[in-house]
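Participant: Can you read through this structure? Questions will come right after.
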Amino acid sequence: MGKLQVKFCIFLCWALTSMYSDAQREYFIQRKNLTWVDARNYCQACFKELVTLTPDNIQALARDITSDHWIGLRKNFNFKNNSIDNSTGNLTSTVASYTESYFTTHYINNSDSSSPIMNWTQWANGDPLAFQNWYPGWPLPKPSPKPPNKTVCCSCSCTCPARPTTPMTTNAEFTTPNTTTTQSGHNVTSWSDDPAETTEFTPDFTDQSVVTDESTTHATRTENMTTRRTTPYFTTSAPWTTAEMPLAAQCEKSPVQEPEEPEDEDDSDDENYIEDSCVAMLSFGPWIEKSCLEHLPFICYEDRFMGQVSVTNITFESANLTWLVAPGDISHYRVEVEGQKDNKTWEFSVTDLTCGLSNLTAGTSYSVQVFPVKCKRDLNPENATFYTIPKAVTNLTVSSVEKNSVFLRWEKPEGNVDFYRLTYETTPVKVTTERIKVEGLIPGTPYNFTVVSGVNDTSKWSYEAHVSAYTKPDKVYNLTVSDNTKESILVKWDQPVGNFTDILVVANYTNGASLFNTTVKSNQQNVTVTGLPPATHIFIYVTVWVNNDLVGETEMIDNFTTPGPISNLTLTTTSDSLTATWSPPVGSALNYTVERCLDRCVNETSVTTNIAFKNLKNAANYSVTVYAVSGQFTSTPVSAYKFTLPNSPTNPRATSVSKDSITFAWDAPKDTSAPTYGVTLNSSFWGQSWNYTTSDTTFTFLNLTSGTNYAFSVYAIADRQESASVYCADFTVEDQEEIRLSMLCSSSEALLCDEKSTRTGVFNELEKKFKTLLDGHIKWDLEP
């Protein structure tokens, strides 16, 4: 029945154990063989306690052992001053006063009066026994009591006053553990029991009395930078020891009844039964009971130490380290410091909980590990990282400014710097070089720039470096001119963006000589530039100022003052050309536009004070208008008119002839423009002459004498100037009349008047005479 109850308990405890976790525990398998008490004392001295098994760690530990090992479980931790006979395994009472009634009436830790003592209730570290993994048949049940003996014997009732606990001196040497990580994630460390590798820990108890308060450990410590000897007090709540000294007791005899031998009792279990047993784990995991005095290897555990190092009083090159005290009997602390960039390392051994560092490099990251040393074994380190304070930048200067940007430079400080932080206004900027162009600024605005050196985790900053600068002011916009006169120009603009104080307006000649200079206030948006010469090319510059000496970008516009009119316009012509000359007005930026008009107007430009027009029409009345020009401005016009000289008509001819009229025609001169013609007709024989003007190219003369040769001439007239005349002649139709002439011949010589002579000589003479008088004038014929 008892075995069924045990199996039921196993099933229940497996379920309960799932609630516990030892993820932060480390396990150390000790290969040396000690009694359970000595093993526990060893674990308490150099670790924390004998192992507490759970479903999470038992499999991992079982894989790393090959024999039976003590674990932190005992039947009853309150059974005092009992020892196990190692040869027989039988429990022998050394003090008769500790009877079974003590166990049934005593309470755990002597503090909870509501919970009576029970076997197998807790682990060595006080954890409840929520998990069991007994080998079948274990633990052995307590045998039934035998009937009382028939005889009476004497027993002793002892009263043993408790002795005060005295210090126990232990000198232990340890080797570095070989730690392996199992598949379940538990750190299990095997410690060798080879005498060549390690010195076995042997507790030396000067007093076998045990203090029942497990939470108190008395130790004295002498600290040195390199070595440390410890003399701990080992205490345990277990009520038993391996006593070598007998306890003094006063015993009184009392009669007891001799037990009777049971009938048909199987004594095999009784022989293996151990009243106060300790538990060992077999190599494959299950538990069995063993005498606590057997020497077995054992398994210790220790909670992973999770301390932390605090770093204070950090400067450019120094810092103070402070760390938490590690649990247990710590001989000293080993401090390791390593710089990430300066390749410096330090190692110290200290017994205090603080350490000062010096000769560090500014702006450098350092990693710190503080290893508590316990039994010459390093516990998990207490870690920290920190940066030293970086030094401030040097020679922070403004190398150039623009209206929307400022260019800054500085020099890298001594030590290390991960980056810089530039701050202006409320804007922080991360910078990784020693120069930066700060953009997006407001023109004409003062800015204060602050640069600090920083480290990657932004935990440390250097002292600030400062510099101030104005951005350049902006330029004016939409610069225009208007209202130009001979001596002034109105200049207008739109306000610049940002801040500024004054606006400078300058007017210069093209060669840079100054004509005008004035400064206007920031709220003014126009100014009249005065005192300028007429017809002059003017360059106007508008510049924005801020802070009295910082100028922005200059806007420029060029323009002209207006010119005056020309004077003394003179025209000269030929039959096909016209030349105009004039006197210029005052001014230096002049050219001229000359407009020549006849049927239509033609404009030509001249940079001099004269111009010639060629290939013109003759006898044409041309008008010439001259404008003085300065830039886009023209003066009032000056005009003059002039005819070109006429050309002579061509091809004069008589187109119609009658007895008393002749019609003449002619061709107009080439490239003429509707000239007037003068026509004349005369007959020197009759003394007749006619003069007329006409715009036609034909003319008819009337009332002429028949048969008369009339001489005709025609010429062109333009602006009272006449061309050369062209001529022709023609006869009117004759109206024939016969005239008889009688002549009386007398001669002193008879032969001169004979008929023959008369007919030849006189007639010839007469014919000559008529030819002289009439030939070419009128039509005539002489017949004898």
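For the structure tokens, the naming scheme is as follows: chains receive sequential letters (A, B, ...) according to their order of presentation, residues are indexed from 1 within each chain, and ligands are indexed from 1 in presentation order.
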Find the residues near stretch 644-652 of chain A: any atom within 9 Å, counting only C-alpha atoms, skip ones fewer than 2 places away on the same chain, and give them as a JSON list (two decimals) with C-alpha atoms, in the first residue's frame.

Facilitator:
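Written output follows (selection_30.json):
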[["chain", "number", "residue", "atom", "x", "y", "z"],
["A", 572, "THR", "CA", 21.70, 118.18, -100.89],
["A", 573, "THR", "CA", 20.54, 116.27, -103.98],
["A", 574, "THR", "CA", 21.49, 115.04, -107.39],
["A", 575, "SER", "CA", 19.20, 113.46, -109.89],
["A", 576, "ASP", "CA", 19.47, 110.09, -108.08],
["A", 577, "SER", "CA", 20.85, 110.79, -104.57],
["A", 578, "LEU", "CA", 20.20, 112.78, -101.42],
["A", 616, "LEU", "CA", 16.57, 107.79, -105.86],
["A", 617, "LYS", "CA", 14.01, 108.97, -108.30],
["A", 618, "ASN", "CA", 14.82, 112.16, -110.15],
["A", 619, "ALA", "CA", 12.65, 115.15, -109.87],
["A", 620, "ALA", "CA", 11.14, 113.68, -106.70],
["A", 621, "ASN", "CA", 10.34, 115.65, -103.61],
["A", 622, "TYR", "CA", 11.84, 113.70, -100.69],
["A", 642, "LYS", "CA", 14.25, 118.42, -101.07],
["A", 654, "ALA", "CA", 5.89, 115.06, -133.66],
["A", 664, "PHE", "CA", 4.63, 116.73, -130.04],
["A", 665, "ALA", "CA", 5.20, 113.77, -127.69],
["A", 666, "TRP", "CA", 8.14, 112.59, -125.58],
["A", 667, "ASP", "CA", 9.08, 109.94, -123.08],
["A", 668, "ALA", "CA", 9.35, 110.70, -119.39],
["A", 669, "PRO", "CA", 12.80, 110.47, -117.86],
["A", 670, "LYS", "CA", 13.74, 107.15, -116.26],
["A", 671, "ASP", "CA", 13.09, 106.87, -112.46],
["A", 672, "THR", "CA", 11.17, 110.08, -112.44],
["A", 675, "PRO", "CA", 7.73, 115.87, -113.01],
["A", 677, "TYR", "CA", 7.68, 119.58, -118.28],
["A", 697, "THR", "CA", 4.16, 113.84, -122.08],
["A", 712, "PHE", "CA", 10.40, 121.89, -130.63],
["A", 713, "SER", "CA", 12.19, 121.48, -127.27],
["A", 714, "VAL", "CA", 11.08, 119.85, -123.97],
["A", 715, "TYR", "CA", 12.70, 119.69, -120.49],
["A", 716, "ALA", "CA", 11.72, 118.45, -117.03],
["A", 717, "ILE", "CA", 11.12, 120.84, -114.18],
["A", 718, "ALA", "CA", 11.46, 119.94, -110.45],
["A", 719, "ASP", "CA", 11.59, 122.39, -107.55],
["A", 721, "GLN", "CA", 15.16, 123.35, -111.42],
["A", 722, "GLU", "CA", 15.20, 122.43, -115.11],
["A", 723, "SER", "CA", 16.79, 119.52, -116.81],
["A", 724, "ALA", "CA", 18.55, 119.75, -120.10],
["A", 725, "SER", "CA", 16.19, 120.17, -123.04],
["A", 726, "VAL", "CA", 15.72, 117.66, -125.79],
["A", 727, "TYR", "CA", 14.79, 118.79, -129.33],
["A", 728, "CYS", "CA", 12.99, 117.84, -132.50]]

Participant: What does the distance between atom CA of A:Val586 and atom CA of A:Asn484 come to in Å, to one decimal place?

Facilitator: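 Interatomic distance here is 16.0 Å.
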
Participant: Name all residues at most 6 Å from stretch 579-584 of chain A (count only C-alpha atoms; drop same-chain ones fewer than 6 positions away) and give them as number ranges by chain.

Facilitator: A: 566-572, 609-612

Participant: With C-alpha atoms retained, export the selected residues as a PDB file, in the first residue's frame.

Facilitator:
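And here is the file that came out, part-v3.pdb:
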ATOM      1  CA  ILE A 566      19.331 117.518 -83.536  1.00  0.00           C
ATOM      2  CA  SER A 567      19.929 120.876 -85.226  1.00  0.00           C
ATOM      3  CA  ASN A 568      21.041 122.300 -88.617  1.00  0.00           C
ATOM      4  CA  LEU A 569      19.523 119.629 -90.821  1.00  0.00           C
ATOM      5  CA  THR A 570      20.710 120.209 -94.423  1.00  0.00           C
ATOM      6  CA  LEU A 571      19.805 118.285 -97.606  1.00  0.00           C
ATOM      7  CA  THR A 572      21.701 118.177-100.886  1.00  0.00           C
ATOM      8  CA  THR A 609      25.666 113.029 -88.126  1.00  0.00           C
ATOM      9  CA  ASN A 610      25.177 112.479 -91.870  1.00  0.00           C
ATOM     10  CA  ILE A 611      23.620 109.977 -94.177  1.00  0.00           C
ATOM     11  CA  ALA A 612      23.407 109.587 -97.985  1.00  0.00           C
TER      12      ALA A 612
END

Participant: Can you work out the spacing between atom CA of A:Val529 and atom CA of A:Ile489 in Å, to one decimal?

Facilitator: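 Taking atom CA of A:Val529 and atom CA of A:Ile489, their separation equals 5.2 Å.
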
Participant: Which is closest to A:Thr485 among A:Leu590, A:Ala535, A:Leu140, A:Ala640, if we use only C-alpha atoms?

Facilitator: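 Looking at the shortest contact to A:Thr485, the residue is A:Ala535.
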
Participant: Go through stretch 496-672 of chain A and collect every residue that DSSP, computed from the backbone, puts in strand (DSSP E); the answer should be as a compact mmCIF listing (two decimals) with N, CA and C atoms, in the first residue's frame.

Facilitator:
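For reference, out_11.txt as written:
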# COMPACT_ATOMS: atom_id res chain seq x y z
N ASP A 502 19.85 98.50 -44.73
CA ASP A 502 19.91 99.61 -45.67
C ASP A 502 20.00 99.08 -47.08
N ILE A 503 19.68 99.99 -48.03
CA ILE A 503 19.80 99.66 -49.45
C ILE A 503 20.61 100.78 -50.10
N LEU A 504 21.69 100.43 -50.76
CA LEU A 504 22.58 101.38 -51.43
C LEU A 504 22.24 101.41 -52.91
N VAL A 505 22.01 102.65 -53.44
CA VAL A 505 21.70 102.84 -54.86
C VAL A 505 22.81 103.68 -55.46
N VAL A 506 23.46 103.17 -56.52
CA VAL A 506 24.58 103.84 -57.17
C VAL A 506 24.31 103.88 -58.66
N ALA A 507 24.59 105.06 -59.29
CA ALA A 507 24.49 105.20 -60.75
C ALA A 507 25.86 105.60 -61.28
N ASN A 508 26.33 104.90 -62.32
CA ASN A 508 27.66 105.13 -62.88
C ASN A 508 27.58 105.29 -64.39
N SER A 514 31.36 107.61 -61.14
CA SER A 514 30.13 107.74 -60.38
C SER A 514 29.34 108.96 -60.80
N LEU A 515 28.03 108.76 -60.90
CA LEU A 515 27.11 109.85 -61.20
C LEU A 515 26.16 110.11 -60.04
N PHE A 516 25.88 109.03 -59.24
CA PHE A 516 24.87 109.17 -58.19
C PHE A 516 25.15 108.11 -57.13
N ASN A 517 24.96 108.45 -55.86
CA ASN A 517 25.19 107.51 -54.77
C ASN A 517 24.34 107.93 -53.58
N THR A 518 23.46 107.02 -53.14
CA THR A 518 22.63 107.33 -51.99
C THR A 518 22.24 106.04 -51.27
N THR A 519 21.95 106.14 -49.98
CA THR A 519 21.48 105.01 -49.16
C THR A 519 20.08 105.32 -48.67
N VAL A 520 19.19 104.36 -48.83
CA VAL A 520 17.81 104.54 -48.40
C VAL A 520 17.50 103.51 -47.32
N LYS A 521 16.48 103.77 -46.55
CA LYS A 521 16.08 102.90 -45.46
C LYS A 521 15.43 101.62 -45.98
N ASN A 526 11.78 102.72 -53.67
CA ASN A 526 12.10 103.43 -54.91
C ASN A 526 12.94 104.64 -54.56
N VAL A 527 13.64 105.14 -55.57
CA VAL A 527 14.43 106.36 -55.42
C VAL A 527 14.59 106.97 -56.80
N THR A 528 14.61 108.30 -56.86
CA THR A 528 14.82 109.01 -58.13
C THR A 528 16.29 109.35 -58.24
N VAL A 529 16.92 108.83 -59.28
CA VAL A 529 18.33 109.11 -59.53
C VAL A 529 18.39 110.40 -60.33
N HIS A 537 24.21 106.60 -71.32
CA HIS A 537 23.98 105.23 -70.88
C HIS A 537 24.34 105.16 -69.40
N ILE A 538 23.34 104.82 -68.56
CA ILE A 538 23.52 104.83 -67.12
C ILE A 538 23.43 103.41 -66.59
N PHE A 539 24.36 103.02 -65.69
CA PHE A 539 24.32 101.73 -65.00
C PHE A 539 23.93 101.98 -63.54
N ILE A 540 22.84 101.33 -63.11
CA ILE A 540 22.32 101.54 -61.76
C ILE A 540 22.50 100.26 -60.97
N TYR A 541 23.11 100.35 -59.79
CA TYR A 541 23.39 99.21 -58.91
C TYR A 541 22.63 99.40 -57.60
N VAL A 542 21.91 98.31 -57.20
CA VAL A 542 21.16 98.34 -55.95
C VAL A 542 21.67 97.18 -55.08
N THR A 543 22.21 97.52 -53.91
CA THR A 543 22.85 96.54 -53.02
C THR A 543 22.20 96.62 -51.64
N VAL A 544 21.92 95.41 -51.07
CA VAL A 544 21.30 95.33 -49.74
C VAL A 544 22.40 95.14 -48.71
N TRP A 545 22.29 95.87 -47.59
CA TRP A 545 23.28 95.81 -46.52
C TRP A 545 22.64 95.28 -45.24
N VAL A 546 23.50 94.63 -44.42
CA VAL A 546 23.06 94.23 -43.08
C VAL A 546 24.26 94.31 -42.16
N LEU A 550 28.10 93.92 -44.03
CA LEU A 550 27.87 92.71 -44.81
C LEU A 550 26.89 93.02 -45.92
N VAL A 551 27.35 92.84 -47.15
CA VAL A 551 26.53 93.19 -48.31
C VAL A 551 26.03 91.93 -48.97
N GLU A 555 22.07 93.84 -57.42
CA GLU A 555 21.26 93.80 -58.63
C GLU A 555 21.59 95.02 -59.49
N MET A 556 21.74 94.82 -60.81
CA MET A 556 22.13 95.90 -61.72
C MET A 556 21.11 96.02 -62.84
N ILE A 557 20.85 97.24 -63.23
CA ILE A 557 20.03 97.50 -64.40
C ILE A 557 20.62 98.69 -65.12
N ASP A 558 20.64 98.65 -66.43
CA ASP A 558 21.17 99.79 -67.20
C ASP A 558 20.04 100.44 -67.98
N ASN A 559 20.19 101.75 -68.19
CA ASN A 559 19.17 102.50 -68.91
C ASN A 559 19.78 103.81 -69.40
N PHE A 560 18.93 104.61 -70.01
CA PHE A 560 19.43 105.83 -70.65
C PHE A 560 18.59 107.02 -70.22
N SER A 567 20.06 119.52 -84.67
CA SER A 567 19.93 120.88 -85.23
C SER A 567 20.66 120.94 -86.56
N ASN A 568 20.34 122.03 -87.35
CA ASN A 568 21.04 122.30 -88.62
C ASN A 568 20.93 121.15 -89.61
N LEU A 569 19.72 120.69 -89.85
CA LEU A 569 19.52 119.63 -90.82
C LEU A 569 19.60 120.24 -92.22
N THR A 570 20.49 119.71 -93.06
CA THR A 570 20.71 120.21 -94.42
C THR A 570 20.65 119.04 -95.39
N LEU A 571 19.93 119.31 -96.58
CA LEU A 571 19.81 118.29 -97.61
C LEU A 571 20.43 118.77 -98.90
N THR A 572 21.17 117.91 -99.55
CA THR A 572 21.70 118.18 -100.89
C THR A 572 21.34 117.00 -101.76
N THR A 573 21.03 117.34 -103.11
CA THR A 573 20.54 116.27 -103.98
C THR A 573 21.25 116.28 -105.31
N LEU A 578 20.51 111.71 -102.38
CA LEU A 578 20.20 112.78 -101.42
C LEU A 578 21.11 112.58 -100.23
N THR A 579 21.73 113.63 -99.76
CA THR A 579 22.62 113.59 -98.59
C THR A 579 22.08 114.55 -97.55
N ALA A 580 21.95 113.96 -96.26
CA ALA A 580 21.47 114.76 -95.13
C ALA A 580 22.60 114.91 -94.13
N THR A 581 22.78 116.10 -93.60
CA THR A 581 23.75 116.36 -92.54
C THR A 581 23.06 117.17 -91.45
N TRP A 582 23.58 117.00 -90.17
CA TRP A 582 22.97 117.72 -89.05
C TRP A 582 23.99 117.85 -87.91
N SER A 583 23.63 118.61 -86.92
CA SER A 583 24.45 118.79 -85.72
C SER A 583 23.84 117.99 -84.58
N ASN A 591 22.71 107.61 -81.23
CA ASN A 591 22.69 107.25 -82.64
C ASN A 591 21.44 107.91 -83.21
N TYR A 592 21.22 107.71 -84.48
CA TYR A 592 20.17 108.50 -85.14
C TYR A 592 19.34 107.59 -86.02
N THR A 593 18.10 107.93 -86.05
CA THR A 593 17.18 107.29 -86.97
C THR A 593 16.75 108.33 -87.98
N VAL A 594 16.97 108.02 -89.28
CA VAL A 594 16.65 108.96 -90.36
C VAL A 594 15.51 108.34 -91.17
N GLU A 595 14.46 109.09 -91.28
CA GLU A 595 13.29 108.63 -92.03
C GLU A 595 13.21 109.41 -93.34
N ARG A 596 13.25 108.69 -94.47
CA ARG A 596 13.15 109.30 -95.80
C ARG A 596 11.85 108.87 -96.41
N CYS A 597 11.06 109.85 -96.87
CA CYS A 597 9.72 109.55 -97.38
C CYS A 597 9.55 110.13 -98.77
N CYS A 601 7.68 105.65 -96.70
CA CYS A 601 8.78 106.09 -95.84
C CYS A 601 9.73 104.93 -95.58
N VAL A 602 10.98 105.24 -95.55
CA VAL A 602 12.04 104.28 -95.26
C VAL A 602 12.89 104.85 -94.14
N ASN A 603 13.13 103.96 -93.11
CA ASN A 603 13.96 104.37 -91.97
C ASN A 603 15.34 103.75 -92.06
N GLU A 604 16.31 104.55 -91.82
CA GLU A 604 17.68 104.07 -91.76
C GLU A 604 18.32 104.64 -90.50
N THR A 605 19.31 103.87 -89.98
CA THR A 605 19.98 104.26 -88.75
C THR A 605 21.39 104.71 -89.06
N SER A 606 21.78 105.74 -88.36
CA SER A 606 23.13 106.28 -88.55
C SER A 606 23.73 106.53 -87.18
N ASN A 610 25.53 112.33 -90.46
CA ASN A 610 25.18 112.48 -91.87
C ASN A 610 24.79 111.13 -92.41
N ILE A 611 24.04 111.20 -93.51
CA ILE A 611 23.62 109.98 -94.18
C ILE A 611 23.33 110.30 -95.62
N ALA A 612 23.64 109.41 -96.55
CA ALA A 612 23.41 109.59 -97.99
C ALA A 612 22.47 108.50 -98.47
N PHE A 613 21.50 108.95 -99.27
CA PHE A 613 20.55 108.02 -99.89
C PHE A 613 20.84 107.99 -101.38
N ASN A 621 10.27 114.81 -104.80
CA ASN A 621 10.34 115.65 -103.61
C ASN A 621 10.43 114.71 -102.37
N TYR A 622 11.60 114.56 -101.84
CA TYR A 622 11.84 113.70 -100.69
C TYR A 622 11.80 114.51 -99.40
N SER A 623 11.15 113.86 -98.37
CA SER A 623 11.20 114.45 -97.03
C SER A 623 12.14 113.62 -96.17
N VAL A 624 12.93 114.28 -95.35
CA VAL A 624 13.89 113.63 -94.47
C VAL A 624 13.62 114.11 -93.04
N THR A 625 13.43 113.09 -92.11
CA THR A 625 13.20 113.39 -90.68
C THR A 625 14.28 112.67 -89.88
N VAL A 626 14.90 113.40 -88.98
CA VAL A 626 16.01 112.84 -88.17
C VAL A 626 15.61 112.88 -86.70
N TYR A 627 15.79 111.67 -86.01
CA TYR A 627 15.56 111.54 -84.57
C TYR A 627 16.89 111.21 -83.91
N ALA A 628 17.20 111.90 -82.85
CA ALA A 628 18.33 111.48 -82.00
C ALA A 628 17.84 110.36 -81.09
N VAL A 629 18.64 109.30 -80.95
CA VAL A 629 18.25 108.12 -80.19
C VAL A 629 19.28 107.87 -79.09
N SER A 630 18.76 107.63 -77.85
CA SER A 630 19.59 107.22 -76.72
C SER A 630 18.90 106.04 -76.05
N PHE A 633 15.06 105.53 -76.12
CA PHE A 633 14.41 106.83 -76.14
C PHE A 633 14.86 107.62 -77.38
N THR A 634 13.88 108.36 -78.00
CA THR A 634 14.17 109.20 -79.17
C THR A 634 13.81 110.64 -78.84
N VAL A 638 13.26 116.31 -86.29
CA VAL A 638 13.60 117.48 -87.11
C VAL A 638 13.50 117.03 -88.56
N SER A 639 12.72 117.80 -89.43
CA SER A 639 12.45 117.36 -90.80
C SER A 639 12.88 118.41 -91.81
N ALA A 640 13.12 118.01 -93.09
CA ALA A 640 13.43 118.89 -94.22
C ALA A 640 12.98 118.19 -95.50
N TYR A 641 12.73 119.02 -96.57
CA TYR A 641 12.25 118.49 -97.85
C TYR A 641 13.20 118.94 -98.94
N LYS A 642 13.36 118.09 -99.96
CA LYS A 642 14.25 118.42 -101.07
C LYS A 642 13.93 117.54 -102.25
N PHE A 643 13.87 118.22 -103.48
CA PHE A 643 13.70 117.47 -104.72
C PHE A 643 15.05 116.98 -105.20
N THR A 650 13.03 111.99 -122.98
CA THR A 650 13.68 111.31 -124.10
C THR A 650 12.67 111.13 -125.23
N ASN A 651 13.29 110.94 -126.42
CA ASN A 651 12.52 110.60 -127.61
C ASN A 651 11.43 111.64 -127.93
N PRO A 652 11.82 112.91 -128.10
CA PRO A 652 10.82 113.91 -128.54
C PRO A 652 10.48 113.65 -130.01
N ARG A 653 9.22 113.88 -130.34
CA ARG A 653 8.78 113.58 -131.71
C ARG A 653 7.44 114.27 -131.96
N ALA A 654 7.19 114.49 -133.24
CA ALA A 654 5.89 115.06 -133.66
C ALA A 654 4.99 113.91 -134.01
N THR A 655 3.92 113.90 -133.37
CA THR A 655 3.02 112.77 -133.56
C THR A 655 1.84 113.11 -134.47
N SER A 656 1.63 114.39 -134.64
CA SER A 656 0.48 114.80 -135.50
C SER A 656 0.81 116.18 -136.09
N VAL A 657 0.64 116.30 -137.44
CA VAL A 657 0.97 117.55 -138.14
C VAL A 657 -0.21 117.95 -139.04
N ILE A 662 0.84 121.30 -134.76
CA ILE A 662 1.70 120.11 -134.62
C ILE A 662 1.57 119.61 -133.18
N THR A 663 1.39 118.34 -133.06
CA THR A 663 1.37 117.70 -131.71
C THR A 663 2.70 116.97 -131.50
N PHE A 664 3.34 117.37 -130.38
CA PHE A 664 4.63 116.73 -130.04
C PHE A 664 4.41 115.76 -128.84
N ALA A 665 5.21 114.74 -128.81
CA ALA A 665 5.20 113.77 -127.69
C ALA A 665 6.65 113.44 -127.29
N TRP A 666 6.80 112.97 -126.11
CA TRP A 666 8.14 112.59 -125.58
C TRP A 666 8.00 111.53 -124.50
N ASP A 667 9.07 110.95 -124.15
CA ASP A 667 9.08 109.94 -123.08
C ASP A 667 9.59 110.57 -121.78

Participant: Restricting the calculation to only C-alpha atoms: of A:Thr705, A:Ser67, A:Gln132, A:Thr445, which residue gets closest to A:Ser658?

Facilitator: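 Closest candidate: A:Thr705.
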
Participant: If we count only C-alpha atoms and set the cut-off at 9 Å, which residues sit around A:Asn682, ignoring sequence neighbours fewer than 2 positions away in its own chain? Please answer as a PyMOL selection string.

Facilitator: chain A and resi 680+684-691+709-712

Participant: With only C-alpha atoms as the basis for distance, which of A:Ser331, A:Thr694, A:Thr322, A:Thr345 is at the shortest distance from A:Ala384?

Facilitator: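 Going through A:Ser331, A:Thr694, A:Thr322, A:Thr345 one by one, the smallest distance to A:Ala384 is for A:Thr322.
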
Participant: Could you check the closest approach to A:Glu402 for each of A:Glu317, A:Glu414, A:Asp483, A:Glu439 and tell me which residue wins, using only C-alpha atoms?

Facilitator: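 Among the listed residues, A:Glu439 lies closest to A:Glu402.
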
Participant: Taking 5 positions as the minimum chain separation for residues in the same chain, which residues sit within 9 Å of A:Val337 when counting only C-alpha atoms? Answer as a PyMOL selection string.

Facilitator: chain A and resi 344-348+357+366-370

Participant: Rounded to one decimal, what separation in Å do you get between atom CA of A:Glu425 and atom CA of A:Gly552?

Facilitator: 22.1 Å

Participant: Under the rule that only C-alpha atoms are counted, which of A:Leu532, A:Gln495, A:Val393, A:Val325 is the nearest residue to A:Lys374?

Facilitator: A:Val325

Participant: Nearest residue to A:Ser310 out of A:Gly356, A:Thr700, A:Pro297, A:Phe284, using only C-alpha atoms?

Facilitator: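 Smallest separation from A:Ser310 among the options: A:Gly356.
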
Participant: Fewer than 4 positions away in the same chain doesn't count, so skip those; otherwise give me all residues within 6 Å of A:Gly454, counting only C-alpha atoms, as a ChimeraX atom specification.

Facilitator: /A:419-420,461

Participant: Quick one: write out the picked residues with C-alpha atoms as a PDB file, in the first residue's frame?

Facilitator:
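Final file, selection36.pdb:
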ATOM      1  CA  PHE A 419      30.601  62.422 -34.396  1.00  0.00           C
ATOM      2  CA  TYR A 420      29.826  66.070 -33.808  1.00  0.00           C
ATOM      3  CA  TRP A 461      29.343  65.407 -24.830  1.00  0.00           C
TER       4      TRP A 461
END
